[in-house]
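Input: a single structure, listed below in structure tokens.
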Amino acid sequence: MKTCETTTPIRAFDRAYINGRFVTPHGTQIVDLVNPTDNKVIGKVTMADEIDARKAIGAAKEAFNSFSQSSKEYRMELLQRLHDAVAKRMDQLVEATVVEYGAPQDRAKGSNNLAANIFLHFKKVLEDFDLVKTVGTSKIVMEPAGVVGIFTPWNSSAGSIAIKVAPAIAAGCTVVIKPSEMSAMQTEVLMDAFHEAGLPPGVINVVTGLGEVVGTELTQSPDISENRFHRFDADRKTGRQELPGHNEALDAGARGQVAQHHPRRRRSLHGDPNGHQRLLPE
């Protein structure tokens with residue numbers, strides 16, 4: 001008597017999220033998504049390419065013009081919406097983390113609870129954060145830095161993405177996320193959550209692609225103001241480059257415009273004659 005062996009259907013992951021819409025990537029390269037516990041292929045992931053990355057950067061740049069002027073209260077509302085949308089999909093995120101990362105249930109639950117709750121954390125940080133500060137005789141007005149490129153690893157993907165997206169949104173920045181191609185299941189759930197949260201088109205963009213393709217485009221684009229990595233080291237395969245040390249906090253997404261009370265000139269605390277300062281303390 002023959003026994004029938006059941007197999008898990010291989011899923012297709014062929015969406016990018018650009019300018020508030022799910023789109024089919026221009027890129028055509030496909031890579032396997034593998035379950036690390038048994039090395040079986042569980043998905044086929046379509047890679048975004050340079051054109052997709054440029055479209056995402058362009059959407060984020062366009063959205064920044066208005067989003068950077070949004071109120072503190074509005075950004076706090078968006079952070080609450082993001083939390084709610086991610087928390088609503090907790091079971092999906094845990095399952096995806098177990099299947100494609102091989103995490104134990106407790107580890108998967110912990111990392112994905114972080115993904116949801118980090119939005120509430122930065123909502124509270126923003127509520128208590130002074131966007132206008134006085135240092136000595138100087139008045140510092142905190143302004144969004146611009147478009148932020150976000151690079152994340154395959155393990156704890158949702159948590160790694162959320163912990164970078166939350167402070168960027170709080171600061172009034174727009175983002176382009178390049179998640180690992182090995183975390184397509186987690187990315188799929190997060191994209192649905194971001195879309196449901198209803199942020200303005202272009203504020204959050206997601207393009208899954210290879211580091212040497214999409215990563216290189218992000219790190220070399222003049223329209224990207226900040227790049228955020230899981231680790232600050234050089235890695236040509238992931239498109240990462242050596243960067244000066246940055247602290248990841250709300251200030252990381254802001255520049256301070258400093259009006260020095262001086263009868264003859266206006267300058268920043270570091271002597272920038274243009275009166276701008278990039279502030280990156282904890």
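Labels for the structure tokens follow display order: chains A, B, ..., residues from 1 in each chain, ligands from 1.
Excluding Pro153 in chain A itself and any same-chain residue fewer than 2 positions from it, the protein and nucleic acid residues within 7 Å of it, counting only C-alpha atoms, are Asn155, Ser157, Pro179, Ser180 and His230 of chain A.
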Selected residues, N, CA and C atoms, written as an mmCIF file, in the first residue's frame, please.
data_model
loop_
_atom_site.group_PDB
_atom_site.id
_atom_site.type_symbol
_atom_site.label_atom_id
_atom_site.label_comp_id
_atom_site.auth_asym_id
_atom_site.auth_seq_id
_atom_site.Cartn_x
_atom_site.Cartn_y
_atom_site.Cartn_z
ATOM 1 N N ASN A 155 17.106 37.282 10.855
ATOM 2 C CA ASN A 155 16.617 36.816 12.145
ATOM 3 C C ASN A 155 15.942 37.966 12.884
ATOM 4 N N SER A 157 13.385 39.614 12.111
ATOM 5 C CA SER A 157 13.247 40.646 11.092
ATOM 6 C C SER A 157 12.260 41.739 11.494
ATOM 7 N N PRO A 179 14.729 44.710 3.593
ATOM 8 C CA PRO A 179 14.845 43.559 4.489
ATOM 9 C C PRO A 179 15.640 42.440 3.828
ATOM 10 N N SER A 180 16.028 41.478 4.619
ATOM 11 C CA SER A 180 16.728 40.320 4.060
ATOM 12 C C SER A 180 15.798 39.528 3.162
ATOM 13 N N HIS A 230 21.823 46.885 10.893
ATOM 14 C CA HIS A 230 21.804 46.045 12.097
ATOM 15 C C HIS A 230 23.149 46.144 12.808
#
From range 24-272 of chain A, collect each residue whose DSSP state is strand (DSSP E or B) and return the set as JSON, numbers by chain. {"A": [30, 31, 32, 33, 34, 35, 40, 41, 42, 43, 44, 45, 46, 132, 133, 134, 135, 138, 139, 140, 141, 142, 143, 144, 147, 148, 149, 150, 151, 174, 175, 176, 177, 178, 204, 205, 206, 224, 225, 226, 227, 228, 235, 240, 254, 255, 256, 257, 258, 259, 260]}
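Taking only C-alpha atoms into account, Val86 in chain A lies nearest to A:Leu120 out of the set A:Ala168, A:Ile10, A:Leu120, A:Ile177.
Residues within 6 Å of Val147 in chain A, counting only C-alpha atoms and excluding same-chain residues fewer than 4 positions away, are Cys173, Thr174, Val175, Ile224 and Ser225 of chain A.
Note that CA of Asn65 in chain A and CA of Ala145 in chain A are 11.4 Å apart.
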Residues within 7 Å of range 47-59 of chain A, only C-alpha atoms, excluding chain neighbours under 5 positions, as a compact mmCIF listing (two decimals) with N, CA and C atoms, in the first residue's frame:
# COMPACT_ATOMS: atom_id res chain seq x y z
N ILE A 18 5.55 50.30 -2.43
CA ILE A 18 6.11 51.58 -2.85
C ILE A 18 4.99 52.61 -2.99
N ASN A 19 5.17 53.74 -2.33
CA ASN A 19 4.23 54.87 -2.45
C ASN A 19 2.80 54.47 -2.06
N PRO A 25 7.58 43.81 -8.49
CA PRO A 25 8.93 44.35 -8.72
C PRO A 25 9.30 44.36 -10.20
N HIS A 26 10.08 45.35 -10.58
CA HIS A 26 10.64 45.38 -11.92
C HIS A 26 11.69 44.27 -12.07
N GLY A 27 12.37 43.99 -10.98
CA GLY A 27 13.37 42.93 -10.99
C GLY A 27 12.74 41.57 -11.25
N THR A 28 13.52 40.69 -11.86
CA THR A 28 12.99 39.37 -12.23
C THR A 28 13.74 38.21 -11.58
N GLN A 29 14.86 38.50 -10.92
CA GLN A 29 15.61 37.41 -10.29
C GLN A 29 14.80 36.80 -9.16
N ILE A 30 14.82 35.49 -9.06
CA ILE A 30 14.08 34.78 -8.02
C ILE A 30 15.04 33.96 -7.18
N VAL A 176 12.90 53.91 3.46
CA VAL A 176 12.96 52.84 2.47
C VAL A 176 13.63 51.67 3.16
N GLY A 202 4.15 56.75 0.51
CA GLY A 202 5.56 57.10 0.40
C GLY A 202 6.29 57.25 1.72
N ASN A 205 8.30 52.54 2.64
CA ASN A 205 8.48 51.79 1.40
C ASN A 205 9.32 50.56 1.70
N VAL A 207 11.40 47.32 -0.19
CA VAL A 207 11.91 46.67 -1.40
C VAL A 207 12.88 45.56 -0.99
N THR A 208 12.47 44.32 -1.21
CA THR A 208 13.32 43.17 -0.91
C THR A 208 14.21 42.91 -2.12
N GLY A 209 15.52 42.99 -1.91
CA GLY A 209 16.45 42.77 -3.01
C GLY A 209 17.82 42.44 -2.46
N LEU A 210 18.71 42.05 -3.35
CA LEU A 210 20.06 41.70 -2.94
C LEU A 210 20.83 42.95 -2.51
N VAL A 213 22.68 44.96 -5.08
CA VAL A 213 21.82 45.65 -6.05
C VAL A 213 21.05 46.77 -5.34
N VAL A 214 20.06 46.39 -4.55
CA VAL A 214 19.24 47.38 -3.84
C VAL A 214 20.05 48.10 -2.76
N GLU A 217 22.27 50.75 -4.23
CA GLU A 217 21.47 51.91 -4.65
C GLU A 217 21.14 52.80 -3.45
Residue with the minimum atom-to-atom distance to Ala87 in chain A, picked from A:Glu196, A:Glu73, A:Val23, A:Val141 with only C-alpha atoms counted, is A:Glu196
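Relative to CA of Leu218 in chain A, CA of Leu78 in chain A is found at 25.0 Å.
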Taking the backbone alone, and naming residues the way the document does, which bits of range 3-150 of chain A are helix (DSSP H, G or I) by DSSP, as a PyMOL selection string? chain A and resi 50-67+72-88+90-101+105-128
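Comparing A:Gln186, A:Val135, A:Val203, A:Met142 by their smallest distance to Asp91 in chain A, the closest is A:Gln186 (using only C-alpha atoms).
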Test item: residues at most 9 Å from range 100-115 of chain A, only C-alpha atoms, excluding those fewer than 3 positions along its chain, as a PyMOL selection string: chain A and resi 33-37+42+83+86-87+90-91+93-97+118-119+154-163+182-186
Next, dump the selected residues to file, keeping only N, CA and C atoms, as an mmCIF file, in the first residue's frame.
data_model
loop_
_atom_site.group_PDB
_atom_site.id
_atom_site.type_symbol
_atom_site.label_atom_id
_atom_site.label_comp_id
_atom_site.auth_asym_id
_atom_site.auth_seq_id
_atom_site.Cartn_x
_atom_site.Cartn_y
_atom_site.Cartn_z
ATOM 1 N N LEU A 33 13.412 30.586 -0.780
ATOM 2 C CA LEU A 33 13.253 30.774 0.658
ATOM 3 C C LEU A 33 13.252 29.384 1.276
ATOM 4 N N VAL A 34 14.178 29.146 2.227
ATOM 5 C CA VAL A 34 14.409 27.791 2.734
ATOM 6 C C VAL A 34 14.093 27.712 4.224
ATOM 7 N N ASN A 35 13.374 26.662 4.602
ATOM 8 C CA ASN A 35 13.140 26.390 6.008
ATOM 9 C C ASN A 35 14.445 25.843 6.598
ATOM 10 N N PRO A 36 15.045 26.527 7.590
ATOM 11 C CA PRO A 36 16.355 26.104 8.095
ATOM 12 C C PRO A 36 16.327 24.809 8.895
ATOM 13 N N THR A 37 15.154 24.364 9.301
ATOM 14 C CA THR A 37 15.102 23.134 10.096
ATOM 15 C C THR A 37 15.220 21.871 9.250
ATOM 16 N N ILE A 42 10.489 26.639 0.798
ATOM 17 C CA ILE A 42 9.110 26.957 1.184
ATOM 18 C C ILE A 42 8.577 28.179 0.440
ATOM 19 N N HIS A 83 1.399 50.246 15.847
ATOM 20 C CA HIS A 83 1.376 49.238 16.912
ATOM 21 C C HIS A 83 0.167 48.328 16.765
ATOM 22 N N VAL A 86 0.427 45.877 13.754
ATOM 23 C CA VAL A 86 1.407 44.809 13.956
ATOM 24 C C VAL A 86 0.915 43.833 15.031
ATOM 25 N N ALA A 87 0.378 44.360 16.137
ATOM 26 C CA ALA A 87 -0.112 43.498 17.223
ATOM 27 C C ALA A 87 -1.237 42.594 16.741
ATOM 28 N N MET A 90 0.052 39.260 15.327
ATOM 29 C CA MET A 90 1.070 38.614 16.137
ATOM 30 C C MET A 90 1.198 37.125 15.841
ATOM 31 N N ASP A 91 0.088 36.428 15.720
ATOM 32 C CA ASP A 91 0.155 34.987 15.458
ATOM 33 C C ASP A 91 0.832 34.700 14.116
ATOM 34 N N LEU A 93 3.060 36.621 12.608
ATOM 35 C CA LEU A 93 4.483 36.946 12.724
ATOM 36 C C LEU A 93 5.239 35.846 13.461
ATOM 37 N N VAL A 94 4.640 35.327 14.530
ATOM 38 C CA VAL A 94 5.293 34.263 15.298
ATOM 39 C C VAL A 94 5.466 33.028 14.418
ATOM 40 N N GLU A 95 4.429 32.667 13.692
ATOM 41 C CA GLU A 95 4.516 31.500 12.822
ATOM 42 C C GLU A 95 5.596 31.687 11.754
ATOM 43 N N ALA A 96 5.630 32.873 11.149
ATOM 44 C CA ALA A 96 6.624 33.137 10.113
ATOM 45 C C ALA A 96 8.039 33.075 10.677
ATOM 46 N N THR A 97 8.226 33.594 11.889
ATOM 47 C CA THR A 97 9.553 33.586 12.508
ATOM 48 C C THR A 97 10.010 32.171 12.828
ATOM 49 N N ILE A 118 7.491 48.547 20.326
ATOM 50 C CA ILE A 118 8.456 49.630 20.121
ATOM 51 C C ILE A 118 7.775 50.878 19.566
ATOM 52 N N PHE A 119 6.659 50.697 18.862
ATOM 53 C CA PHE A 119 5.916 51.856 18.349
ATOM 54 C C PHE A 119 5.278 52.637 19.505
ATOM 55 N N TRP A 154 17.983 38.680 8.644
ATOM 56 C CA TRP A 154 16.875 37.738 8.473
ATOM 57 C C TRP A 154 16.308 37.265 9.796
ATOM 58 N N ASN A 155 17.106 37.282 10.855
ATOM 59 C CA ASN A 155 16.617 36.816 12.145
ATOM 60 C C ASN A 155 15.942 37.966 12.884
ATOM 61 N N SER A 156 14.844 37.702 13.528
ATOM 62 C CA SER A 156 14.078 38.734 14.237
ATOM 63 C C SER A 156 13.812 39.919 13.322
ATOM 64 N N SER A 157 13.385 39.614 12.111
ATOM 65 C CA SER A 157 13.247 40.646 11.092
ATOM 66 C C SER A 157 12.260 41.739 11.494
ATOM 67 N N ALA A 158 11.085 41.351 11.995
ATOM 68 C CA ALA A 158 10.072 42.342 12.351
ATOM 69 C C ALA A 158 10.576 43.280 13.438
ATOM 70 N N GLY A 159 11.227 42.717 14.458
ATOM 71 C CA GLY A 159 11.766 43.556 15.528
ATOM 72 C C GLY A 159 12.854 44.492 15.029
ATOM 73 N N SER A 160 13.726 43.981 14.153
ATOM 74 C CA SER A 160 14.820 44.796 13.622
ATOM 75 C C SER A 160 14.293 45.937 12.756
ATOM 76 N N ILE A 161 13.225 45.678 11.999
ATOM 77 C CA ILE A 161 12.629 46.722 11.168
ATOM 78 C C ILE A 161 11.920 47.754 12.039
ATOM 79 N N ALA A 162 11.087 47.272 12.965
ATOM 80 C CA ALA A 162 10.280 48.188 13.783
ATOM 81 C C ALA A 162 11.132 49.113 14.631
ATOM 82 N N ILE A 163 12.246 48.602 15.151
ATOM 83 C CA ILE A 163 13.070 49.416 16.046
ATOM 84 C C ILE A 163 13.793 50.533 15.300
ATOM 85 N N MET A 182 15.894 36.527 2.968
ATOM 86 C CA MET A 182 15.620 35.285 3.695
ATOM 87 C C MET A 182 14.528 35.452 4.744
ATOM 88 N N SER A 183 13.909 36.632 4.803
ATOM 89 C CA SER A 183 12.826 36.860 5.775
ATOM 90 C C SER A 183 11.553 37.298 5.069
ATOM 91 N N ALA A 184 11.295 36.735 3.895
ATOM 92 C CA ALA A 184 10.172 37.180 3.069
ATOM 93 C C ALA A 184 8.811 36.984 3.740
ATOM 94 N N MET A 185 8.661 35.927 4.535
ATOM 95 C CA MET A 185 7.381 35.686 5.208
ATOM 96 C C MET A 185 7.104 36.771 6.239
ATOM 97 N N GLN A 186 8.121 37.097 7.035
ATOM 98 C CA GLN A 186 7.955 38.147 8.033
ATOM 99 C C GLN A 186 7.712 39.495 7.354
#
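Across A:Asn227, A:Pro201, A:His121, A:Ala63, the tightest approach to Phe22 in chain A is made by A:Pro201 when counting only C-alpha atoms.
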